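Asks: This is target.txt, which holds compact mmCIF, C-alpha atoms:
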# COMPACT_ATOMS: atom_id res chain seq x y z
CA MET H 1 93.52 134.73 107.71
CA SER H 2 91.79 133.18 110.68
CA SER H 3 91.18 129.76 112.07
CA ILE H 4 89.33 128.02 114.85
CA CYS H 5 90.40 124.79 116.50
CA PHE H 6 88.30 122.51 118.63
CA ASP H 7 87.76 118.88 119.57
CA ALA H 8 84.66 117.16 118.21
CA LEU H 9 83.65 113.60 117.31
CA GLY H 10 86.71 112.48 119.25
CA THR H 11 89.18 114.21 116.96
CA LYS H 12 90.74 117.59 116.29
CA TRP H 13 89.09 120.06 113.97
CA GLU H 14 90.53 123.14 112.38
CA VAL H 15 88.47 125.45 110.22
CA SER H 16 90.64 128.02 108.46
CA LEU H 17 89.68 130.97 106.32
CA PRO H 18 92.43 132.65 104.31
CA TYR H 19 90.68 136.01 103.94
CA LYS H 20 87.91 136.31 106.48
CA GLU H 21 87.29 136.15 110.18
CA ILE H 22 84.95 133.66 111.79
CA ASP H 23 82.83 135.50 114.31
CA SER H 24 82.20 133.76 117.60
CA LYS H 25 78.48 133.41 116.82
CA LEU H 26 79.22 131.34 113.73
CA GLU H 27 81.91 129.39 115.59
CA ASN H 28 79.37 128.42 118.24
CA LYS H 29 76.80 127.50 115.61
CA ILE H 30 79.32 125.18 113.94
CA LYS H 31 80.18 123.47 117.21
CA GLU H 32 76.50 123.10 118.08
CA ARG H 33 75.76 121.62 114.67
CA ILE H 34 78.46 118.99 115.11
CA GLU H 35 77.20 118.26 118.60
CA VAL H 36 73.66 117.68 117.29
CA PHE H 37 75.05 115.37 114.61
CA ASP H 38 77.01 113.42 117.22
CA SER H 39 73.96 113.12 119.45
CA ILE H 40 72.11 111.38 116.61
CA TYR H 41 74.73 109.29 114.83
CA SER H 42 77.28 108.30 117.48
CA ARG H 43 77.19 104.70 118.63
CA PHE H 44 79.40 105.69 121.57
CA ARG H 45 76.64 107.74 123.19
CA GLU H 46 73.90 106.09 125.23
CA ASP H 47 71.44 108.85 124.34
CA SER H 48 71.92 108.75 120.55
CA LEU H 49 69.32 107.70 118.02
CA ILE H 50 71.78 105.02 116.90
CA SER H 51 72.00 103.56 120.42
CA LYS H 52 68.20 103.46 120.60
CA MET H 53 68.07 101.61 117.27
CA SER H 54 70.51 99.05 118.65
CA LYS H 55 67.94 98.13 121.31
CA GLU H 56 64.46 98.62 119.85
CA THR H 57 62.78 97.45 116.68
CA GLY H 58 60.09 99.59 115.07
CA ILE H 59 59.52 102.42 112.65
CA TYR H 60 61.88 105.34 113.01
CA GLU H 61 61.56 108.72 111.38
CA LEU H 62 65.03 109.82 110.40
CA PRO H 63 66.15 113.44 110.80
CA ALA H 64 66.02 115.70 107.73
CA ASP H 65 69.79 115.56 107.23
CA ALA H 66 69.95 111.75 107.17
CA LYS H 67 69.13 111.14 103.52
CA PRO H 68 72.53 111.68 101.85
CA LEU H 69 74.23 109.61 104.54
CA PHE H 70 71.79 106.68 104.43
CA ASP H 71 71.64 106.79 100.65
CA LEU H 72 75.42 106.61 100.34
CA TYR H 73 75.62 103.69 102.76
CA GLN H 74 72.90 101.85 100.91
CA ARG H 75 74.62 102.37 97.55
CA LEU H 76 77.96 101.24 98.94
CA TYR H 77 76.26 98.23 100.53
CA THR H 78 75.04 97.18 97.10
CA VAL H 79 78.24 97.97 95.18
CA THR H 80 80.49 96.14 97.68
CA ASP H 81 78.15 93.13 97.84
CA GLY H 82 77.49 93.80 101.50
CA SER H 83 81.09 94.12 102.72
CA PHE H 84 80.48 97.79 103.45
CA THR H 85 77.37 98.09 105.60
CA PRO H 86 75.90 100.66 107.97
CA ILE H 87 75.14 97.89 110.46
CA ILE H 88 78.76 96.81 110.95
CA GLY H 89 78.46 98.09 114.54
CA SER H 90 77.62 94.64 115.95
CA ALA H 91 80.83 93.14 114.55
CA LEU H 92 82.91 96.10 115.76
CA VAL H 93 81.44 95.72 119.26
CA GLU H 94 82.09 91.96 119.26
CA ALA H 95 85.66 92.59 118.14
CA GLY H 96 86.05 94.83 121.19
CA TYR H 97 85.59 98.29 119.67
CA ASP H 98 82.70 99.03 122.00
CA LYS H 99 81.44 102.00 124.02
CA LYS H 100 83.99 101.30 126.74
CA TYR H 101 86.82 100.57 124.28
CA SER H 102 87.36 97.21 125.97
CA PHE H 103 89.21 95.67 122.99
CA GLN H 104 88.18 92.28 124.35
CA VAL H 105 87.63 90.15 121.26
CA LYS H 106 84.58 87.89 121.33
CA LYS H 107 83.25 85.60 118.64
CA LEU H 108 82.05 87.64 115.67
CA ASN H 109 78.56 86.76 114.50
CA LYS H 110 77.34 87.07 110.95
CA VAL H 111 76.17 90.60 110.19
CA SER H 112 72.51 90.72 109.13
CA ASP H 113 71.57 91.30 105.51
CA PHE H 114 70.80 95.02 105.54
CA ASN H 115 68.07 94.80 102.92
CA GLU H 116 66.32 92.02 104.83
CA ALA H 117 66.70 93.59 108.25
CA VAL H 118 65.30 97.01 107.34
CA GLU H 119 62.80 98.71 105.12
CA TYR H 120 64.25 102.05 104.16
CA ASN H 121 62.09 104.65 102.55
CA PHE H 122 63.28 108.06 103.55
CA PRO H 123 62.43 109.57 106.00
CA LYS H 124 61.15 106.30 107.43
CA ILE H 125 63.21 103.30 108.30
CA THR H 126 61.67 100.15 109.76
CA LEU H 127 63.87 97.91 111.83
CA LYS H 128 62.73 94.30 111.92
CA GLN H 129 65.34 93.59 114.54
CA PRO H 130 67.52 95.79 116.73
CA LEU H 131 70.53 96.88 114.67
CA GLN H 132 73.82 98.41 115.72
CA PHE H 133 74.47 101.08 113.13
CA ASP H 134 77.94 102.54 112.77
CA PHE H 135 78.67 105.58 110.64
CA GLY H 136 82.40 105.61 111.30
CA ALA H 137 83.27 105.21 107.63
CA ALA H 138 81.53 108.28 106.21
CA GLY H 139 79.75 110.10 109.05
CA LYS H 140 82.60 112.50 109.68
CA GLY H 141 82.85 113.28 105.98
CA TYR H 142 79.16 114.10 105.89
CA ILE H 143 79.25 116.49 108.85
CA MET H 144 82.28 118.17 107.21
CA ASP H 145 80.09 118.82 104.17
CA LEU H 146 77.36 120.21 106.42
CA VAL H 147 79.85 122.56 108.09
CA GLY H 148 81.01 123.66 104.63
CA GLU H 149 77.41 124.48 103.71
CA MET H 150 77.08 126.56 106.88
CA LEU H 151 80.15 128.57 105.93
CA GLN H 152 78.83 129.18 102.44
CA LYS H 153 75.47 130.29 103.77
CA ASN H 154 77.43 132.88 105.71
CA GLN H 155 79.09 134.18 102.52
CA ILE H 156 82.35 132.36 103.26
CA ASP H 157 83.41 130.71 100.01
CA ASN H 158 87.07 130.15 100.70
CA TYR H 159 87.90 127.74 103.51
CA THR H 160 89.62 124.59 104.68
CA ILE H 161 87.94 122.19 107.07
CA ASP H 162 90.43 119.76 108.61
CA ALA H 163 88.79 117.05 110.70
CA GLY H 164 91.45 114.65 111.92
CA HIS H 165 93.39 115.15 108.68
CA ASP H 166 90.47 114.49 106.40
CA LEU H 167 90.04 117.70 104.45
CA LEU H 168 87.31 119.66 102.71
CA LEU H 169 88.33 122.81 100.94
CA ASN H 170 86.81 125.38 98.71
CA GLY H 171 87.60 128.44 96.68
CA TYR H 172 91.39 128.53 96.43
CA ASP H 173 92.90 130.28 93.41
CA LYS H 174 96.11 128.36 93.89
CA PRO H 175 95.81 124.70 94.90
CA LEU H 176 97.02 123.75 98.37
CA ARG H 177 99.92 121.34 98.70
CA ILE H 178 98.83 118.45 100.88
CA ALA H 179 101.24 115.93 102.38
CA LEU H 180 100.07 112.33 102.14
CA GLU H 181 100.96 111.06 105.56
CA HIS H 182 102.65 107.68 105.74
CA PRO H 183 100.14 105.24 107.27
CA ALA H 184 102.89 103.73 109.42
CA ASP H 185 104.72 106.89 110.45
CA VAL H 186 103.04 110.24 111.05
CA LYS H 187 106.32 112.10 110.60
CA MET H 188 106.75 110.92 107.04
CA ALA H 189 105.02 111.78 103.79
CA LEU H 190 104.60 109.37 100.91
CA GLY H 191 104.02 112.24 98.58
CA VAL H 192 102.24 115.51 97.99
CA ALA H 193 98.84 116.04 96.40
CA VAL H 194 97.31 119.32 95.27
CA LEU H 195 93.72 120.43 95.62
CA ALA H 196 91.91 123.75 95.24
CA SER H 197 88.41 122.58 96.05
CA GLY H 198 86.68 119.39 97.09
CA SER H 199 87.69 116.81 99.60
CA ILE H 200 90.64 114.54 100.25
CA CYS H 201 90.18 111.79 102.82
CA ALA H 202 92.42 109.00 104.06
CA SER H 203 91.82 105.65 105.60
CA SER H 204 94.30 103.32 107.23
CA GLY H 205 94.21 100.16 109.23
CA ASN H 206 97.39 101.04 111.05
CA ARG H 207 96.31 103.62 113.52
CA ARG H 208 93.14 102.24 115.07
CA LYS H 209 94.32 98.72 115.51
CA TRP H 210 94.14 96.10 118.23
CA GLY H 211 95.07 92.45 117.97
CA GLU H 212 94.07 91.11 114.60
CA TYR H 213 91.42 93.80 114.04
CA HIS H 214 91.36 97.43 113.09
CA HIS H 215 88.41 99.80 112.81
CA ILE H 216 87.53 98.58 109.32
CA ILE H 217 85.78 95.21 109.27
CA ASP H 218 84.49 93.45 106.17
CA ALA H 219 80.93 92.35 106.96
CA ASN H 220 81.21 89.28 104.74
CA ALA H 221 84.65 88.06 105.82
CA LEU H 222 84.21 89.27 109.43
CA GLN H 223 87.85 90.28 109.29
CA SER H 224 89.83 93.46 108.99
CA PRO H 225 91.39 93.63 105.53
CA LYS H 226 95.16 93.31 105.75
CA ASP H 227 96.27 93.71 102.15
CA ILE H 228 95.86 97.49 102.11
CA LEU H 229 97.97 99.73 104.31
CA GLY H 230 96.20 102.95 103.47
CA SER H 231 94.04 104.75 100.95
CA TRP H 232 93.40 108.33 99.88
CA THR H 233 90.48 109.56 97.87
CA THR H 234 89.44 112.84 96.36
CA ALA H 235 85.84 113.70 95.50
CA ASP H 236 83.58 116.75 95.35
CA THR H 237 82.13 115.97 98.77
CA ALA H 238 83.77 114.72 101.95
CA LEU H 239 80.88 112.26 102.33
CA VAL H 240 81.86 110.44 99.15
CA ALA H 241 85.64 110.79 99.66
CA ASP H 242 85.43 109.48 103.24
CA GLY H 243 83.13 106.56 102.40
CA LEU H 244 85.12 105.51 99.34
CA ALA H 245 88.43 105.59 101.25
CA THR H 246 87.01 102.77 103.37
CA ALA H 247 85.18 100.99 100.55
CA LEU H 248 88.53 100.60 98.75
CA PHE H 249 89.53 98.17 101.52
CA PHE H 250 86.78 95.81 100.32
CA THR H 251 86.22 96.33 96.65
CA LYS H 252 88.40 96.91 93.64
CA PRO H 253 88.67 100.54 92.58
CA GLU H 254 87.57 99.73 89.00
CA ILE H 255 84.24 98.46 90.31
CA LEU H 256 83.70 101.43 92.64
CA GLY H 257 84.70 103.73 89.79
CA LYS H 258 81.67 102.61 87.79
CA TYR H 259 79.34 104.02 90.41
CA PHE H 260 81.16 106.93 92.03
CA ASP H 261 83.04 109.95 90.80
CA PHE H 262 86.34 109.91 92.71
CA GLU H 263 90.09 109.54 92.41
CA TYR H 264 92.24 107.33 94.58
CA LEU H 265 95.70 106.34 95.72
CA ILE H 266 96.22 103.01 97.49
CA ILE H 267 99.33 101.75 99.24
CA TYR H 268 99.20 98.00 99.64
CA SER H 269 100.88 96.18 102.50
CA ASP H 270 103.70 95.05 100.21
CA TYR H 271 104.32 98.76 99.58
CA SER H 272 103.15 98.69 96.00
CA LEU H 273 101.09 101.67 94.93
CA ASP H 274 98.03 101.99 92.78
CA LYS H 275 96.37 105.20 91.75
CA SER H 276 93.70 106.42 89.41
CA ASP H 277 94.86 108.34 86.36
CA ASN H 278 93.75 111.69 87.71
CA PHE H 279 94.63 111.43 91.38
CA PRO H 280 96.28 114.84 91.86
CA ILE H 281 99.65 113.72 93.18
CA VAL H 282 102.59 115.98 92.31
CA ASP H 283 105.45 114.47 94.33
CA LEU H 284 106.01 110.86 95.28
CA TYR H 285 108.72 109.84 97.73
CA VAL H 286 109.03 106.11 97.29
CA MET W 1 141.40 102.13 97.76
CA ASP W 2 139.13 99.16 98.13
CA GLN W 3 140.27 98.52 101.63
CA GLN W 4 139.72 102.15 102.55
CA ASN W 5 136.19 102.17 101.16
CA ASN W 6 135.44 99.04 102.98
CA ASN W 7 136.31 100.65 106.28
CA THR W 8 134.43 103.88 105.69
CA ASN W 9 131.34 102.13 104.50
CA SER W 10 131.40 99.81 107.41
CA LYS W 11 131.44 102.74 109.82
CA LYS W 12 128.73 104.51 107.90
CA PHE W 13 126.47 101.55 108.06
CA VAL W 14 126.83 101.30 111.80
CA LEU W 15 125.86 104.97 112.02
CA SER W 16 122.84 104.32 109.80
CA ILE W 17 121.74 101.50 112.00
CA ALA W 18 121.92 103.86 114.98
CA GLY W 19 119.73 106.31 113.07
CA LEU W 20 117.26 103.62 112.21
CA ALA W 21 117.17 102.48 115.80
CA THR W 22 115.92 105.87 116.88
CA LEU W 23 113.15 105.56 114.31
CA GLY W 24 111.81 102.50 116.01
CA LEU W 25 113.79 99.69 114.48
CA VAL W 26 114.91 98.70 117.94
CA GLY W 27 111.39 97.47 118.58
CA TYR W 28 111.71 95.05 115.72
CA MET W 29 115.23 94.09 116.66
CA SER W 30 114.11 93.01 120.09
CA ASN W 31 111.88 90.53 118.31
CA ILE W 32 114.86 88.78 116.83
CA HIS W 33 116.81 88.79 120.06
CA LEU W 34 119.64 90.94 118.80
CA LYS W 35 122.16 91.37 121.56
CA PRO W 36 124.23 94.52 120.97
CA ASN W 37 127.41 93.14 122.51
CA THR W 38 127.34 90.02 120.40
CA THR W 39 126.33 91.76 117.15
CA GLU W 40 128.90 92.36 114.49
CA MET W 41 128.02 94.01 111.21
CA LYS W 42 130.15 93.25 108.21
CA VAL W 43 130.02 94.96 104.85
CA VAL W 44 129.99 92.52 102.00
CA ASN W 45 130.06 92.99 98.25
CA ASN W 46 130.65 96.66 98.74
CA ALA W 47 133.06 97.15 95.87
CA SER W 48 130.51 95.88 93.38
CA ASN W 49 127.41 97.75 94.46
CA VAL W 50 128.39 100.96 96.20
CA GLU W 51 127.84 103.94 93.95
CA MET W 52 130.21 106.69 94.86
CA PRO W 53 128.69 110.15 95.22
CA GLN W 54 129.11 112.68 92.45
CA GLU W 55 128.73 115.82 94.50
CA THR W 56 130.58 117.07 97.52
CA ILE W 57 127.73 118.46 99.62
CA SER W 58 128.24 117.95 103.31
CA THR W 59 126.16 114.91 104.17
CA LYS W 60 126.88 112.56 107.03
CA TYR W 61 126.62 109.44 104.91
CA LYS W 62 127.83 108.92 101.39
CA ASN W 63 125.11 108.25 98.87
CA GLY W 64 125.06 104.68 97.71
CA THR W 65 123.74 101.19 98.14
CA TYR W 66 124.94 99.38 101.22
CA THR W 67 124.60 95.68 101.74
CA VAL W 68 125.52 94.20 105.07
CA VAL W 69 125.14 90.88 106.78
CA GLY W 70 124.18 91.20 110.42
CA GLU W 71 125.20 88.40 112.70
CA TYR W 72 123.64 87.78 116.06
CA VAL W 73 123.26 85.00 118.55
CA SER W 74 119.71 83.80 118.90
CA PRO W 75 118.63 81.63 121.84
CA GLY W 76 119.04 78.70 119.45
CA GLY W 77 122.47 79.64 118.12
CA PRO W 78 124.12 82.08 115.69
CA GLU W 79 121.97 83.51 112.87
CA GLN W 80 122.40 85.98 110.02
CA VAL W 81 120.25 88.56 108.26
CA GLU W 82 121.26 90.46 105.13
CA ILE W 83 120.08 94.01 104.72
CA THR W 84 120.47 96.37 101.77
CA LEU W 85 119.96 100.09 102.17
CA VAL W 86 119.91 102.80 99.53
CA ILE W 87 121.10 106.03 101.11
CA GLU W 88 120.80 109.42 99.46
CA ASP W 89 121.38 112.75 101.20
CA ASP W 90 121.39 111.07 104.60
CA LYS W 91 117.97 109.53 103.96
CA VAL W 92 117.23 105.87 103.58
CA LEU W 93 115.47 105.84 100.23
CA ASN W 94 114.84 102.15 100.10
CA ALA W 95 115.59 99.08 102.11
CA SER W 96 115.28 95.39 101.60
CA GLY W 97 116.36 92.36 103.51
CA VAL W 98 116.98 88.69 102.99
CA SER W 99 116.60 86.23 105.81
CA LYS W 100 119.60 83.96 106.26
CA ALA W 101 118.13 82.26 109.28
CA THR W 102 118.28 78.49 109.65
CA LEU W 103 116.17 77.84 112.74
CA PRO W 104 112.37 77.87 112.30
CA THR W 105 111.87 80.34 115.17
CA SER W 106 114.50 82.66 113.73
CA ILE W 107 112.98 82.41 110.26
CA ASN W 108 109.66 83.42 111.73
CA PHE W 109 111.08 86.35 113.72
CA GLN W 110 113.20 87.53 110.81
CA GLY W 111 110.14 87.36 108.58
CA GLN W 112 108.30 89.69 110.95
CA PHE W 113 111.30 91.99 111.10
CA LEU W 114 111.83 92.14 107.37
CA GLY W 115 108.11 92.57 106.76
CA GLY W 116 107.91 95.44 109.21
CA PHE W 117 111.08 97.45 109.09
CA LYS W 118 110.34 99.27 105.87
CA ASP W 119 107.39 100.86 107.65
CA VAL W 120 109.58 103.35 109.43
CA ILE W 121 111.90 104.44 106.69
CA LEU W 122 109.96 104.98 103.51
CA GLY W 123 108.97 108.45 102.38
CA LYS W 124 110.22 111.88 103.32
CA ASN W 125 110.12 113.79 106.57
CA ILE W 126 107.02 116.02 106.56
CA ASP W 127 108.93 118.83 108.31
CA GLU W 128 111.30 118.99 105.38
CA ILE W 129 108.76 119.44 102.61
CA LYS W 130 106.74 122.52 101.94
CA VAL W 131 103.05 121.76 102.37
CA ASP W 132 99.92 123.60 103.47
CA LYS W 133 98.10 120.64 105.00
CA VAL W 134 98.38 116.98 105.83
CA ALA W 135 95.95 114.29 104.71
CA GLY W 136 96.12 111.08 106.67
CA SER W 137 94.58 109.16 109.50
CA SER W 138 97.00 110.00 112.27
CA LEU W 139 94.53 111.68 114.51
CA THR W 140 93.14 108.56 116.09
CA PRO W 141 89.98 109.35 118.06
CA LYS W 142 90.96 110.31 121.58
CA GLY W 143 88.88 107.74 123.43
CA PHE W 144 90.27 104.96 121.29
CA HIS W 145 93.82 106.17 121.70
CA ASP W 146 93.60 106.62 125.48
CA ALA W 147 92.05 103.20 125.98
CA LEU W 148 94.67 101.51 123.85
CA GLU W 149 97.51 103.26 125.70
CA LYS W 150 96.03 102.12 129.00
CA ILE W 151 95.85 98.53 127.81
CA LYS W 152 99.45 98.69 126.62
CA LEU W 153 100.59 99.98 130.01
CA GLU W 154 98.71 97.23 131.78
CA ALA W 155 100.29 94.66 129.52
CA GLN W 156 103.75 95.89 130.45
CA SER W 157 103.26 95.83 134.23
Is it possible to give me this structure as structure tokens?
Replies:
Amino acid sequence: MSSICFDALGTKWEVSLPYKEIDSKLENKIKERIEVFDSIYSRFREDSLISKMSKETGIYELPADAKPLFDLYQRLYTVTDGSFTPIIGSALVEAGYDKKYSFQVKKLNKVSDFNEAVEYNFPKITLKQPLQFDFGAAGKGYIMDLVGEMLQKNQIDNYTIDAGHDLLLNGYDKPLRIALEHPADVKMALGVAVLASGSICASSGNRRKWGEYHHIIDANALQSPKDILGSWTTADTALVADGLATALFFTKPEILGKYFDFEYLIIYSDYSLDKSDNFPIVDLYV
Amino acid sequence: MDQQNNNTNSKKFVLSIAGLATLGLVGYMSNIHLKPNTTEMKVVNNASNVEMPQETISTKYKNGTYTVVGEYVSPGGPEQVEITLVIEDDKVLNASGVSKATLPTSINFQGQFLGGFKDVILGKNIDEIKVDKVAGSSLTPKGFHDALEKIKLEAQS
């Protein structure tokens, strides 16, 4: 049993291995990998690729790891009729969720039609106008998957990656019991889910909230959805689980279910619950 | 018997309210201008809807459903709010409230209160259940959290 803890992407990470040790060389490699990811995809860093794209039009060659991330965002853009978009950054900045965290709300302008504003043909993406990308909805999930791959390449098949209480796990004989944290009170659990491998991610409008906005903004409505308090999703990858946890704020689960393989639990703001048939919940405390 | 129950339940409810207050209910109460020295809680309908406990384990509060009417003096005059709590093993399992307010401002404030107060009392304490991990979104990114705290402090001064 060993674990490493560190801060990255603005949150706390814990990688735990039940049966093996993480040597310091691998630990450093993991941290470096996350740092490289952040330096490309963070809209909070002046030097990131994403910040450059927010200022300059042109043809960009995306890094080799970008395809799953961009592909997922493009699929979700289509399935949610544009409510979920990788270029939601402009609206988030106007709502005050900017590099300086000013939280000064300005008028929100219509978010560009993604398919009109770019030509995407991996690895090339052509920006016809400067665009403020934001990968807050699924970026963390994707780098969790990449860290999982690094562990497996180092013959570590049994692990838990906890990144700000989104989880990716693999190789457990006995499923882990996972508390579903109440969106409105971190000390309370709504229930317990079990998982032996795959990812469970959560999304909530309650924690990152200011004024009438939270960190999830619907690109069509230009508002933060208020009818959902929180969502949990399970999927094989953290990329899909993370992205779908946010997409559930915009689009009905039955529609998303036609295109993605995932399970979900939603708590609505009137405290009613909805879950998919196979969401692995074992205890429910409501 | 009835009279005795009435008294015990009344006391218990006051204790529950104190417990709730520590969970953050006080924040909501300030919204409706509850003044502690003018507040009087009365148990109503208790004989009809209090379920007496079957077991004799040592809990602080008896299991059951408690309905009370809270009275307070708003800036516009006296107002009432009715709250029902289901208590089991010292935990509030469920809660609901009915606004009895008459003034528009009070109706509005009570609406906010009743809409929000379930937030703090639903579920089970994570420390008390056996789990390996927690899935949730509590770990707000540090920069965001720090900035928001700063703004809150500024707003208070």
Asks: Name the closest residue to Glu181 in chain H among the candidates H:Glu61, H:Asp218, H:Asp71, H:Asp166; distances are taken between atoms, counting all atoms listed in the file.
Replies: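 Counting all atoms listed in the file, the residue closest to Glu181 in chain H is H:Asp166.
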Asks: Please, which residues of chain H lie no more than 7 Å from chain W when the count uses all atoms listed in the file, and can they be set out as a VMD selection string?
Replies: chain H and resid 10 to 11 101 164 to 167 176 to 181 184 to 190 200 to 204 207 to 208 285 to 286
Asks: So the first atom is CA of Leu127 in chain H and the second is CA of Ile34 in chain H; what is the distance between them in Å, to one decimal place?
Replies: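 Separation between CA of Leu127 in chain H and CA of Ile34 in chain H: 25.8 Å.
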Asks: Hey, can you check how far CA of Ser16 in chain H sits from CA of Lys140 in chain H?
Replies: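 Computing it gives 17.5 Å between the two atoms.
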Asks: Just checking: using all atoms listed in the file, which residue out of H:Leu244, H:Val105, H:Leu146, H:Ala66 ends up closest to Gly211 in chain H?
Replies: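 Of H:Leu244, H:Val105, H:Leu146, H:Ala66, the one nearest Gly211 in chain H, counting all atoms listed in the file, is H:Val105.
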Asks: How far is it from CA of Val192 in chain H to CA of Trp232 in chain H, in Å with one decimal?
Replies: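 One can read the CA of Val192 in chain H to CA of Trp232 in chain H distance as 11.5 Å.
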Asks: For Phe37 in chain H, please output as a tab-separated table (two decimals) with C-alpha atoms, in the coordinates of the input all residues within 10 Å (counting only C-alpha atoms; exclusion window: fewer than 6 positions along the same chain).
Replies:
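The new file part.tsv reads:
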chain	number	residue	atom	x	y	z
H	9	LEU	CA	83.65	113.60	117.31
H	31	LYS	CA	80.18	123.47	117.21
H	48	SER	CA	71.92	108.75	120.55
H	63	PRO	CA	66.15	113.44	110.80
H	65	ASP	CA	69.79	115.56	107.23
H	66	ALA	CA	69.95	111.75	107.17
H	139	GLY	CA	79.75	110.10	109.05
H	140	LYS	CA	82.60	112.50	109.68
H	142	TYR	CA	79.16	114.10	105.89
H	143	ILE	CA	79.25	116.49	108.85
H	146	LEU	CA	77.36	120.21	106.42
Asks: Check the smallest atom-to-atom distance from each of H:Ile161, H:Leu168, H:Ile156, H:Ala235 to Leu26 in chain H using all atoms listed in the file, then report the winner.
Replies: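 Closest residue, counting all atoms listed in the file: H:Ile156.
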Asks: Ile228 in chain H: which residues within 9 Å, counting only C-alpha atoms, same-chain residues fewer than 3 positions away excluded, as a list in words?
Replies: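 These residues fall inside the cut-off: Ser204, Gly205, Pro225, Ser231, Leu248, Phe249, Ile266, Ile267, Tyr268, Ser269, Asp270 and Tyr271 of chain H.
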Asks: Do you know which residues are at most 8 Å from Ile22 in chain H counting all atoms listed in the file, after dropping those on the same chain fewer than 5 positions away, and could you put them as a ChimeraX atom specification?
Replies: /H:2-4,17,27
Asks: Taking all atoms listed in the file into account, name the residue in H:Thr237, H:Gln132, H:Asn206, H:Thr160 that is nearest to Leu49 in chain H.
Replies: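 Distance minimum relative to Leu49 in chain H lands on H:Gln132.
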